[in-house]
file data-v9.tsv (TSV, C-alpha atoms)
chain	number	residue	atom	x	y	z
A	23	MET	CA	93.07	152.13	123.64
A	24	LYS	CA	91.40	150.17	126.43
A	25	GLY	CA	93.43	148.30	129.02
A	26	LEU	CA	92.66	145.34	131.20
A	27	PRO	CA	92.30	146.06	134.90
A	28	ALA	CA	95.67	145.96	136.60
A	29	LEU	CA	96.68	142.39	137.25
A	30	ARG	CA	98.90	141.00	139.96
A	31	PHE	CA	100.70	138.18	138.26
A	32	ALA	CA	101.38	134.93	140.04
A	33	LEU	CA	102.69	132.92	137.09
A	34	PHE	CA	105.35	130.38	137.76
A	35	PRO	CA	105.71	130.93	141.54
A	36	LEU	CA	109.08	129.23	141.75
A	37	LEU	CA	110.55	131.53	139.14
A	38	LEU	CA	109.07	134.59	140.73
A	39	THR	CA	110.55	133.92	144.14
A	40	MET	CA	114.07	133.37	142.83
A	41	ALA	CA	116.42	136.34	142.80
A	42	ALA	CA	117.54	137.76	139.47
A	43	PRO	CA	120.66	135.95	138.21
A	44	SER	CA	123.72	137.74	139.55
A	45	MET	CA	125.74	136.63	136.51
A	46	ALA	CA	123.41	138.28	133.97
A	47	LYS	CA	125.36	140.59	131.74
A	48	GLY	CA	124.53	142.21	128.42
A	49	PRO	CA	126.84	143.60	125.75
A	50	ALA	CA	129.35	146.08	127.18
A	51	LEU	CA	128.25	149.71	127.08
A	52	PRO	CA	130.37	152.28	125.26
A	53	PRO	CA	132.68	154.08	127.74
A	54	GLY	CA	131.09	156.94	129.66
A	55	LEU	CA	127.48	155.89	129.01
A	56	LYS	CA	124.82	154.51	131.33
A	57	LEU	CA	121.66	152.57	130.47
A	58	ASP	CA	118.75	154.89	131.14
A	59	ARG	CA	115.69	153.57	129.29
A	60	VAL	CA	114.67	150.53	127.18
A	61	VAL	CA	112.04	149.96	124.49
A	62	LEU	CA	111.57	146.51	122.98
A	63	LEU	CA	109.33	145.14	120.27
A	64	MET	CA	108.91	141.43	120.92
A	65	ARG	CA	107.34	138.58	119.01
A	66	HIS	CA	104.86	136.43	120.92
A	67	GLY	CA	105.87	132.98	122.13
A	68	VAL	CA	105.29	129.55	120.61
A	69	ARG	CA	101.82	128.91	119.23
A	70	PRO	CA	100.09	126.30	117.04
A	71	PRO	CA	99.22	127.10	113.41
A	72	THR	CA	96.75	129.97	113.25
A	73	LYS	CA	94.13	127.89	111.42
A	74	ALA	CA	92.43	124.71	112.61
A	75	THR	CA	93.31	123.22	109.21
A	76	PRO	CA	96.94	124.33	109.04
A	77	MET	CA	97.44	124.07	105.27
A	78	PRO	CA	95.26	123.49	102.19
A	79	GLU	CA	94.33	119.91	101.39
A	80	GLY	CA	97.06	118.17	99.44
A	81	THR	CA	99.94	120.01	101.11
A	82	ALA	CA	100.75	117.06	103.40
A	83	ARG	CA	100.03	113.35	103.13
A	84	GLN	CA	99.36	112.72	106.84
A	85	PRO	CA	97.26	114.57	109.42
A	86	TRP	CA	99.05	117.42	111.16
A	87	PRO	CA	100.05	116.86	114.83
A	88	SER	CA	97.66	118.01	117.57
A	89	TRP	CA	98.34	120.91	119.96
A	90	PRO	CA	97.28	121.52	123.57
A	91	VAL	CA	95.54	124.86	122.86
A	92	LYS	CA	93.30	126.47	120.25
A	93	ALA	CA	94.69	127.51	116.88
A	94	GLY	CA	96.97	130.53	117.26
A	95	TYR	CA	96.96	130.58	121.08
A	96	LEU	CA	100.09	130.73	123.22
A	97	THR	CA	100.97	127.24	124.48
A	98	PRO	CA	101.96	126.48	128.09
A	99	HIS	CA	105.43	125.63	126.75
A	100	GLY	CA	105.56	128.95	124.93
A	101	GLN	CA	104.43	130.74	128.09
A	102	ALA	CA	107.19	129.08	130.12
A	103	ALA	CA	109.81	130.11	127.54
A	104	ILE	CA	108.61	133.73	127.63
A	105	ALA	CA	108.76	133.72	131.44
A	106	ARG	CA	112.42	132.74	131.21
A	107	LEU	CA	113.07	135.70	128.94
A	108	GLY	CA	111.43	138.09	131.40
A	109	ARG	CA	113.61	136.79	134.18
A	110	TYR	CA	116.75	137.02	132.01
A	111	ASP	CA	115.99	140.61	130.97
A	112	ARG	CA	115.34	141.50	134.60
A	113	GLY	CA	118.79	140.19	135.50
A	114	ILE	CA	120.45	142.19	132.71
A	115	TRP	CA	118.68	145.42	133.57
A	116	THR	CA	119.10	145.01	137.32
A	117	ALA	CA	122.84	144.51	136.85
A	118	ALA	CA	122.90	147.67	134.69
A	119	GLY	CA	121.05	149.70	137.34
A	120	LEU	CA	117.94	150.21	135.21
A	121	LEU	CA	115.67	148.12	137.47
A	122	PRO	CA	115.79	147.93	141.28
A	123	ARG	CA	116.65	144.65	142.94
A	124	SER	CA	113.39	144.92	144.87
A	125	GLY	CA	110.31	147.09	144.62
A	126	CYS	CA	108.45	148.34	141.56
A	127	VAL	CA	109.10	151.00	138.95
A	128	ASP	CA	107.11	152.38	136.04
A	129	VAL	CA	106.90	149.84	133.20
A	130	ARG	CA	104.65	150.16	130.15
A	131	MET	CA	103.33	147.13	128.26
A	132	VAL	CA	101.20	147.27	125.12
A	133	ALA	CA	99.99	144.10	123.38
A	134	ASP	CA	98.18	143.36	120.17
A	135	SER	CA	94.71	141.93	120.69
A	136	ASP	CA	95.44	138.29	119.82
A	137	GLU	CA	95.34	135.84	122.72
A	138	ARG	CA	98.99	134.90	122.12
A	139	THR	CA	100.24	138.49	122.28
A	140	ILE	CA	98.24	139.31	125.41
A	141	ARG	CA	99.37	136.14	127.20
A	142	THR	CA	102.95	136.76	126.09
A	143	ALA	CA	102.91	140.21	127.68
A	144	GLU	CA	101.43	138.77	130.88
A	145	ALA	CA	104.02	135.99	131.14
A	146	TYR	CA	106.83	138.45	130.50
A	147	ALA	CA	105.50	140.95	133.04
A	148	GLY	CA	105.22	138.28	135.70
A	149	THR	CA	108.96	137.58	135.74
A	150	LEU	CA	110.31	140.96	134.67
A	151	MET	CA	108.67	142.67	137.66
A	152	PRO	CA	107.69	139.92	140.11
A	153	ASN	CA	105.20	140.87	142.81
A	154	CYS	CA	104.40	144.14	141.02
A	155	THR	CA	101.10	145.25	139.55
A	156	ILE	CA	101.40	145.86	135.81
A	157	ALA	CA	98.53	146.73	133.48
A	158	ILE	CA	98.74	145.30	129.95
A	159	ALA	CA	97.18	147.79	127.53
A	160	HIS	CA	95.36	146.19	124.59
A	161	GLN	CA	92.12	146.16	122.69
A	162	PRO	CA	89.56	143.50	123.66
A	163	GLN	CA	90.77	140.10	122.50
A	164	ASP	CA	90.36	139.57	118.75
A	165	VAL	CA	89.25	143.16	118.11
A	166	ALA	CA	91.70	144.38	115.46
A	167	ASP	CA	94.18	146.98	116.67
A	168	PRO	CA	95.43	149.58	114.16
A	169	LEU	CA	98.58	150.08	116.26
A	170	PHE	CA	99.82	146.66	115.16
A	171	SER	CA	97.98	146.37	111.81
A	172	PRO	CA	97.65	149.92	110.46
A	173	VAL	CA	97.49	148.92	106.78
A	174	ASP	CA	94.84	146.24	107.26
A	175	GLU	CA	92.76	148.59	109.43
A	176	GLY	CA	93.03	151.57	107.07
A	177	ALA	CA	94.84	153.66	109.68
A	178	VAL	CA	97.60	154.82	107.33
A	179	SER	CA	97.75	156.10	103.77
A	180	PHE	CA	98.89	153.11	101.71
A	181	ASP	CA	99.24	152.80	97.94
A	182	PRO	CA	99.14	149.07	97.08
A	183	GLU	CA	100.66	149.70	93.65
A	184	GLN	CA	103.62	151.54	95.19
A	185	ALA	CA	103.98	148.72	97.68
A	186	ARG	CA	103.95	146.19	94.84
A	187	ARG	CA	106.68	148.13	93.04
A	188	ALA	CA	108.75	148.18	96.24
A	189	VAL	CA	108.44	144.41	96.59
A	190	LEU	CA	109.28	143.77	92.94
A	191	GLY	CA	112.23	146.13	93.26
A	192	GLU	CA	113.55	144.01	96.13
A	193	ALA	CA	112.83	140.78	94.24
A	194	GLY	CA	114.33	141.89	90.93
A	195	GLY	CA	110.97	141.97	89.16
A	196	GLU	CA	108.47	139.20	88.48
A	197	ALA	CA	111.31	137.17	86.97
A	198	GLY	CA	113.22	137.60	90.23
A	199	ILE	CA	110.51	135.73	92.13
A	200	ALA	CA	110.74	132.88	89.63
A	201	ARG	CA	114.53	132.90	89.98
A	202	LEU	CA	114.21	132.73	93.74
A	203	GLU	CA	111.99	129.66	93.44
A	204	THR	CA	114.57	128.07	91.14
A	205	ARG	CA	117.41	128.88	93.55
A	206	LEU	CA	115.48	127.31	96.40
A	207	ALA	CA	114.52	124.20	94.42
A	208	PRO	CA	116.62	121.89	96.66
A	209	GLU	CA	114.92	123.28	99.77
A	210	LEU	CA	111.49	122.91	98.14
A	211	ALA	CA	112.29	119.30	97.30
A	212	ARG	CA	113.37	118.61	100.88
A	213	LEU	CA	110.23	120.25	102.25
A	214	ASN	CA	108.05	118.17	99.94
A	215	ALA	CA	109.86	115.04	101.09
A	216	ILE	CA	108.98	115.87	104.70
A	217	LEU	CA	105.39	116.78	103.90
A	218	CYS	CA	104.55	113.93	101.55
A	219	ALA	CA	106.79	110.84	101.78
A	220	PRO	CA	106.56	109.44	99.19
A	221	VAL	CA	106.68	112.56	97.04
A	222	SER	CA	104.05	112.70	94.32
A	223	ALA	CA	102.71	115.28	91.86
A	224	GLY	CA	99.53	115.69	93.92
A	225	CYS	CA	101.20	116.47	97.26
A	226	GLY	CA	103.43	119.25	98.56
A	227	VAL	CA	103.92	122.99	98.22
A	228	THR	CA	105.07	123.13	94.59
A	229	GLN	CA	101.77	122.55	92.85
A	230	GLU	CA	101.58	126.20	91.69
A	231	PRO	CA	104.43	128.50	90.55
A	232	SER	CA	105.40	131.38	92.79
A	233	GLY	CA	104.25	134.92	92.09
A	234	LEU	CA	103.11	138.19	93.62
A	235	ALA	CA	99.38	138.59	94.11
A	236	PRO	CA	97.68	141.49	92.31
A	237	ALA	CA	97.59	144.73	94.33
A	238	LYS	CA	94.36	145.27	96.26
A	239	PRO	CA	93.23	148.43	98.06
A	240	GLY	CA	93.98	148.31	101.77
A	241	LYS	CA	95.96	145.09	101.49
A	242	ARG	CA	99.66	144.44	102.00
A	243	PRO	CA	101.59	142.61	99.26
A	244	LYS	CA	101.31	138.82	99.29
A	245	LEU	CA	103.16	135.99	97.61
A	246	THR	CA	101.29	133.18	95.89
A	247	GLY	CA	102.21	129.65	94.92
A	248	ALA	CA	105.14	127.55	96.07
A	249	LEU	CA	107.10	130.17	98.05
A	250	ASP	CA	104.00	131.33	99.91
A	251	ARG	CA	103.01	127.80	100.96
A	252	ALA	CA	106.58	126.82	101.73
A	253	SER	CA	106.94	129.72	104.15
A	254	THR	CA	103.83	128.66	106.08
A	255	ALA	CA	104.78	124.98	106.12
A	256	ALA	CA	108.35	125.66	107.22
A	257	GLN	CA	107.15	127.90	110.06
A	258	ILE	CA	104.78	125.18	111.27
A	259	LEU	CA	107.68	122.71	111.41
A	260	LEU	CA	109.74	125.27	113.35
A	261	LEU	CA	106.93	125.77	115.86
A	262	GLU	CA	106.51	122.00	116.31
A	263	TYR	CA	110.21	121.77	117.13
A	264	ALA	CA	110.20	124.83	119.39
A	265	GLU	CA	107.18	123.45	121.27
A	266	GLY	CA	109.29	120.51	122.40
A	267	LYS	CA	107.21	117.92	120.57
A	268	PRO	CA	108.84	114.47	120.31
A	269	MET	CA	110.91	114.28	117.16
A	270	ALA	CA	108.52	111.57	115.94
A	271	GLU	CA	105.91	114.34	115.68
A	272	VAL	CA	108.14	117.04	114.17
A	273	GLY	CA	107.48	116.74	110.46
A	274	TRP	CA	106.04	113.26	111.12
A	275	GLY	CA	109.47	112.11	112.26
A	276	ARG	CA	111.09	113.14	109.00
A	277	ALA	CA	112.45	116.60	109.97
A	278	THR	CA	115.71	117.25	111.80
A	279	ALA	CA	116.93	120.38	113.57
A	280	ALA	CA	119.16	121.00	110.55
A	281	ASP	CA	116.08	120.81	108.30
A	282	ILE	CA	114.24	123.32	110.48
A	283	GLU	CA	117.04	125.86	110.12
A	284	ARG	CA	117.58	125.21	106.42
A	285	LEU	CA	113.89	125.46	105.51
A	286	GLY	CA	113.44	128.63	107.52
A	287	VAL	CA	114.85	130.41	104.48
A	288	PHE	CA	111.31	130.46	103.04
A	289	HIS	CA	110.03	132.44	106.01
A	290	SER	CA	112.93	134.92	106.03
A	291	GLU	CA	112.77	135.39	102.25
A	292	GLU	CA	109.05	136.08	102.45
A	293	PHE	CA	109.74	138.82	104.99
A	294	ARG	CA	112.64	140.19	102.94
A	295	LEU	CA	110.27	140.68	100.03
A	296	LEU	CA	107.01	141.60	101.74
A	297	ALA	CA	107.79	143.27	105.08
A	298	ARG	CA	111.29	144.79	104.91
A	299	PRO	CA	111.08	147.09	101.81
A	300	ARG	CA	111.10	150.63	103.17
A	301	TYR	CA	107.75	151.82	101.79
A	302	VAL	CA	105.94	148.77	103.19
A	303	ALA	CA	107.89	148.75	106.46
A	304	LYS	CA	107.18	152.40	107.19
A	305	ALA	CA	103.44	151.86	106.70
A	306	ASN	CA	103.44	148.63	108.73
A	307	LEU	CA	105.19	150.40	111.63
A	308	SER	CA	103.21	153.65	111.51
A	309	GLY	CA	101.16	152.71	114.58
A	310	LEU	CA	104.11	151.57	116.69
A	311	THR	CA	106.68	154.18	115.67
A	312	PRO	CA	105.20	156.91	117.91
A	313	LEU	CA	105.26	154.52	120.89
A	314	ILE	CA	108.92	153.69	120.26
A	315	VAL	CA	109.87	157.36	119.92
A	316	GLN	CA	107.87	158.33	123.01
A	317	GLY	CA	109.43	155.52	125.03
A	318	LEU	CA	112.94	156.73	124.21
A	319	ALA	CA	112.65	160.48	123.79
A	320	ALA	CA	110.15	161.60	126.46
A	321	ALA	CA	111.76	163.49	129.33
A	322	LYS	CA	109.83	161.38	131.83
A	323	GLY	CA	108.28	157.98	131.39
A	324	PRO	CA	108.54	154.24	131.96
A	325	VAL	CA	112.02	152.80	132.27
A	326	VAL	CA	110.87	149.84	130.14
A	327	THR	CA	108.35	149.93	127.29
A	328	MET	CA	107.48	146.48	125.93
A	329	LEU	CA	105.39	146.06	122.76
A	330	SER	CA	104.04	142.52	122.32
A	331	GLY	CA	103.46	141.87	118.63
A	332	HIS	CA	104.20	139.59	115.73
A	333	ASP	CA	106.99	138.46	113.44
A	334	THR	CA	105.71	140.81	110.73
A	335	ASN	CA	106.13	143.78	113.09
A	336	ILE	CA	109.68	142.68	113.90
A	337	ALA	CA	110.56	142.15	110.22
A	338	SER	CA	109.24	145.57	109.26
A	339	LEU	CA	111.20	147.29	112.04
A	340	GLY	CA	114.31	145.44	110.91
A	341	GLY	CA	113.70	146.59	107.34
A	342	LEU	CA	112.93	150.17	108.30
A	343	LEU	CA	116.30	150.55	110.07
A	344	ASP	CA	118.22	147.98	107.97
A	345	LEU	CA	118.99	145.78	110.99
A	346	HIS	CA	120.20	142.20	110.65
A	347	TRP	CA	120.63	139.27	113.05
A	348	LYS	CA	121.20	135.50	113.03
A	349	VAL	CA	119.78	133.42	115.89
A	350	PRO	CA	121.22	129.90	116.18
A	351	GLY	CA	118.71	127.39	114.82
A	352	LEU	CA	116.99	129.98	112.59
A	353	THR	CA	117.92	131.57	109.29
A	354	ALA	CA	119.25	135.12	109.10
A	355	ASP	CA	116.75	137.88	109.94
A	356	ASP	CA	113.99	135.40	110.86
A	357	PRO	CA	112.15	136.66	113.97
A	358	ALA	CA	112.35	134.04	116.73
A	359	PRO	CA	109.41	133.27	119.03
A	360	GLY	CA	109.95	135.63	121.96
A	361	GLY	CA	112.75	137.39	120.08
A	362	ALA	CA	112.91	141.18	120.35
A	363	ILE	CA	114.51	144.20	118.78
A	364	VAL	CA	115.66	146.18	121.80
A	365	PHE	CA	116.47	149.88	121.82
A	366	GLU	CA	118.59	151.15	124.69
A	367	ARG	CA	118.68	154.81	125.64
A	368	LEU	CA	122.20	155.54	126.87
A	369	VAL	CA	123.11	158.79	128.60
A	370	ASP	CA	126.45	160.46	129.33
A	371	ALA	CA	127.49	162.54	132.33
A	372	ARG	CA	126.01	165.70	130.75
A	373	GLY	CA	122.64	164.06	130.19
A	374	GLN	CA	123.05	163.71	126.41
A	375	ALA	CA	121.11	160.67	125.18
A	376	TYR	CA	121.90	158.13	122.49
A	377	VAL	CA	120.22	155.01	121.10
A	378	ARG	CA	121.74	151.57	120.55
A	379	ALA	CA	119.89	148.63	118.97
A	380	LEU	CA	120.13	144.99	120.02
A	381	TYR	CA	118.46	141.73	119.06
A	382	ARG	CA	117.72	139.38	121.96
A	383	ALA	CA	116.28	135.89	121.58
A	384	GLN	CA	116.54	132.37	122.88
A	385	THR	CA	118.14	129.99	120.43
A	386	LEU	CA	115.72	127.50	118.93
A	387	ALA	CA	117.23	124.74	121.07
A	388	GLN	CA	116.82	126.87	124.21
A	389	ILE	CA	113.13	127.40	123.45
A	390	ARG	CA	112.63	123.68	122.80
A	391	ASN	CA	114.46	122.61	125.95
A	392	LEU	CA	113.22	125.45	128.19
A	393	ALA	CA	116.83	126.22	129.00
A	394	ASP	CA	117.84	127.96	132.22
A	395	LEU	CA	119.03	131.30	130.85
A	396	ALA	CA	120.99	131.98	134.03
A	397	LYS	CA	123.25	129.14	132.90
A	398	GLU	CA	122.87	129.34	129.12
A	399	ARG	CA	123.07	132.88	127.79
A	400	PRO	CA	120.57	133.55	124.99
A	401	TYR	CA	121.51	135.14	121.71
A	402	ILE	CA	122.07	138.86	122.20
A	403	ALA	CA	123.83	141.02	119.64
A	404	VAL	CA	124.40	144.72	119.04
A	405	LEU	CA	122.84	145.76	115.72
A	406	PRO	CA	124.58	148.78	114.16
A	407	ILE	CA	122.05	151.28	112.82
A	408	PRO	CA	123.26	152.28	109.33
A	409	GLY	CA	123.79	156.00	108.83
A	410	CYS	CA	124.45	156.73	112.49
A	411	THR	CA	127.67	157.49	114.34
A	412	ALA	CA	127.73	159.07	117.81
A	413	ARG	CA	130.60	159.55	120.25
A	414	GLY	CA	132.78	157.73	117.77
A	415	VAL	CA	130.62	154.59	117.87
A	416	VAL	CA	129.50	153.52	114.38
A	417	GLY	CA	125.87	152.43	114.40
A	418	MET	CA	124.88	154.33	117.55
A	419	CYS	CA	122.49	157.26	117.04
A	420	SER	CA	121.76	160.48	118.83
A	421	ILE	CA	118.11	160.61	119.91
A	422	ARG	CA	117.33	163.07	117.12
A	423	ALA	CA	119.10	161.03	114.45
A	424	PHE	CA	117.32	157.87	115.61
A	425	GLU	CA	113.91	159.55	115.42
A	426	GLU	CA	114.71	160.83	111.94
A	427	ARG	CA	115.76	157.37	110.80
A	428	LEU	CA	112.68	155.74	112.29
A	429	THR	CA	110.17	158.25	110.95
A	430	GLY	CA	111.74	158.47	107.51
A	431	THR	CA	112.65	162.16	107.66
A	432	ARG	CA	116.28	161.25	107.10
call {"tool": "encode", "arguments": {"input": "data-v9.tsv", "output": "structure tokens"}}
result
Amino acid sequence: MKGLPALRFALFPLLLTMAAPSMAKGPALPPGLKLDRVVLLMRHGVRPPTKATPMPEGTARQPWPSWPVKAGYLTPHGQAAIARLGRYDRGIWTAAGLLPRSGCVDVRMVADSDERTIRTAEAYAGTLMPNCTIAIAHQPQDVADPLFSPVDEGAVSFDPEQARRAVLGEAGGEAGIARLETRLAPELARLNAILCAPVSAGCGVTQEPSGLAPAKPGKRPKLTGALDRASTAAQILLLEYAEGKPMAEVGWGRATAADIERLGVFHSEEFRLLARPRYVAKANLSGLTPLIVQGLAAAKGPVVTMLSGHDTNIASLGGLLDLHWKVPGLTADDPAPGGAIVFERLVDARGQAYVRALYRAQTLAQIRNLADLAKERPYIAVLPIPGCTARGVVGMCSIRAFEERLTGTR
């Protein structure tokens, strides 16, 4: 993997010159353990839709709102929100003794090759380790990276028919997808009302029934029809809200914060079916799993390893370890912009190491309002890892047990 030349970040000078918040405090550690190492897989910050034409013609009645950057790029608002997360994490880890109050330590950052993931890593680095030189490792922008997309890049053995069976097993068969669409009919109707107003047969996301696309070599499973389009449309509305757009521009003035949370179910259900089933998740994570294991298990190495990726990466890691979270303003298990699954390496007095999982994210309102996280604590929750118990703590793993769980040998 190629890396950019080391950069000295000068983003947000005011933030960088402020001391880490003395009040910052994470979840209490189990007795007798000290925080020794951290690895986090983080979703990029707020971006516009990834296509210049956000949805197929006929999905919405009015033109979609404009954005200040190119399709799929990190916005200045999204960059500012990520910088706040870096500063908050610095405060947590400084208080825990992981990071020094001044000076620099070894930190590793690896980003996918999209502009939004590279810029996210840069913004985070600039406030996590102010006045330090940190190299962000990544492929040249827009050159596909098999670390983050191993299935699409043919970097892992992947049987599309087995993946399809895994998805249908989670869905309850082809009929289960149809039942899911029926169950979510009220949400589909509300989404169509926001998109179309007035609702008509030729507008909205329900013009085709939901299904699972035929398996294709080298391709991950994909939904088709109403549920597929609803997931994309609902995520666009969420990003409009998170960007801080005037409410007159969020869903053309027809969407509320309650709608954003309610309609997020399409996004989380898509991930439940397509990214979280174990066979799919293990393949999706095959490029990042070694980096996570190395970051936690190596005898020597960076005190922080940050992987800047996408919501699909987060969803697959959640599925692989059966982790669950609920960020205020989003539906359960939906990866928030800037949200991260965090693995802490905790050591006892004898040097024995253990792993605890957390989910850390700003609430949707905090992203929208660019909240001061020194005053408003973000969402941070311990996520018990099923199948693990160590030192009497259910959901905490020994290093070996964690590696076995992550690699699928257990």
call {"tool": "closest_residue", "arguments": {"input": "data-v9.tsv", "among": "A:Leu259, A:Val129, A:Leu51, A:Val60", "to": "Pro76 (chain A)", "atoms": "all atoms listed in the file"}}
result
A:Leu259
call {"tool": "closest_residue", "arguments": {"input": "data-v9.tsv", "among": "A:His99, A:Arg65, A:His160, A:Arg141", "to": "Ala264 (chain A)", "atoms": "all atoms listed in the file"}}
result
A:His99
call {"tool": "closest_residue", "arguments": {"input": "data-v9.tsv", "among": "A:Ala145, A:Ala211, A:Cys419, A:Leu206", "to": "Val287 (chain A)", "atoms": "all atoms listed in the file"}}
result
A:Leu206
call {"tool": "atom_distance", "arguments": {"input": "data-v9.tsv", "atom1": "CA of Val315 (chain A)", "atom2": "CA of Val61 (chain A)"}}
result
9.0 Å
call {"tool": "atom_distance", "arguments": {"input": "data-v9.tsv", "atom1": "CA of Val132 (chain A)", "atom2": "CA of Leu329 (chain A)"}}
result
5.0 Å
call {"tool": "residues_around", "arguments": {"input": "data-v9.tsv", "residues": "Gly191 (chain A)", "least_positions_apart": "5", "cutoff": "10 Å", "atoms": "all atoms listed in the file", "output": "ChimeraX atom specification"}}
result
/A:185-186,196,198,295,299
call {"tool": "atom_distance", "arguments": {"input": "data-v9.tsv", "atom1": "CA of Pro406 (chain A)", "atom2": "CA of Met418 (chain A)"}}
result
6.5 Å
call {"tool": "closest_residue", "arguments": {"input": "data-v9.tsv", "among": "A:Arg413, A:His289, A:Lys397, A:Lys238", "to": "Asp355 (chain A)", "atoms": "all atoms listed in the file"}}
result
A:His289
call {"tool": "build_atoms", "arguments": {"input": "data-v9.tsv", "residues": "region 250-262 of chain A", "atoms": "N, CA, C and O atoms", "output": "JSON list (two decimals), keeping the file's coordinate frame"}}
result
[["chain", "number", "residue", "atom", "x", "y", "z"],
["A", 250, "ASP", "N", 104.97, 130.96, 98.88],
["A", 250, "ASP", "CA", 104.00, 131.33, 99.91],
["A", 250, "ASP", "C", 103.68, 130.12, 100.80],
["A", 250, "ASP", "O", 103.76, 130.19, 102.03],
["A", 251, "ARG", "N", 103.36, 128.99, 100.18],
["A", 251, "ARG", "CA", 103.01, 127.80, 100.96],
["A", 251, "ARG", "C", 104.22, 127.24, 101.69],
["A", 251, "ARG", "O", 104.10, 126.72, 102.81],
["A", 252, "ALA", "N", 105.38, 127.34, 101.08],
["A", 252, "ALA", "CA", 106.58, 126.82, 101.73],
["A", 252, "ALA", "C", 106.90, 127.60, 103.00],
["A", 252, "ALA", "O", 107.34, 127.03, 104.01],
["A", 253, "SER", "N", 106.69, 128.91, 102.97],
["A", 253, "SER", "CA", 106.94, 129.72, 104.15],
["A", 253, "SER", "C", 106.04, 129.29, 105.31],
["A", 253, "SER", "O", 106.51, 129.13, 106.45],
["A", 254, "THR", "N", 104.77, 129.09, 105.04],
["A", 254, "THR", "CA", 103.83, 128.66, 106.08],
["A", 254, "THR", "C", 104.20, 127.28, 106.61],
["A", 254, "THR", "O", 104.24, 127.05, 107.82],
["A", 255, "ALA", "N", 104.47, 126.34, 105.71],
["A", 255, "ALA", "CA", 104.78, 124.98, 106.12],
["A", 255, "ALA", "C", 106.07, 124.92, 106.94],
["A", 255, "ALA", "O", 106.15, 124.23, 107.96],
["A", 256, "ALA", "N", 107.08, 125.66, 106.50],
["A", 256, "ALA", "CA", 108.35, 125.66, 107.22],
["A", 256, "ALA", "C", 108.20, 126.25, 108.61],
["A", 256, "ALA", "O", 108.81, 125.78, 109.58],
["A", 257, "GLN", "N", 107.35, 127.30, 108.75],
["A", 257, "GLN", "CA", 107.15, 127.90, 110.06],
["A", 257, "GLN", "C", 106.40, 126.93, 110.98],
["A", 257, "GLN", "O", 106.68, 126.87, 112.18],
["A", 258, "ILE", "N", 105.48, 126.16, 110.45],
["A", 258, "ILE", "CA", 104.78, 125.18, 111.27],
["A", 258, "ILE", "C", 105.77, 124.14, 111.81],
["A", 258, "ILE", "O", 105.73, 123.78, 112.99],
["A", 259, "LEU", "N", 106.67, 123.67, 110.96],
["A", 259, "LEU", "CA", 107.68, 122.71, 111.41],
["A", 259, "LEU", "C", 108.56, 123.32, 112.50],
["A", 259, "LEU", "O", 108.89, 122.66, 113.50],
["A", 260, "LEU", "N", 108.93, 124.60, 112.34],
["A", 260, "LEU", "CA", 109.74, 125.27, 113.35],
["A", 260, "LEU", "C", 108.99, 125.34, 114.68],
["A", 260, "LEU", "O", 109.56, 125.09, 115.75],
["A", 261, "LEU", "N", 107.71, 125.66, 114.63],
["A", 261, "LEU", "CA", 106.93, 125.77, 115.86],
["A", 261, "LEU", "C", 106.75, 124.41, 116.52],
["A", 261, "LEU", "O", 106.76, 124.31, 117.75],
["A", 262, "GLU", "N", 106.58, 123.35, 115.73],
["A", 262, "GLU", "CA", 106.51, 122.00, 116.31],
["A", 262, "GLU", "C", 107.79, 121.68, 117.07],
["A", 262, "GLU", "O", 107.75, 121.13, 118.18]]
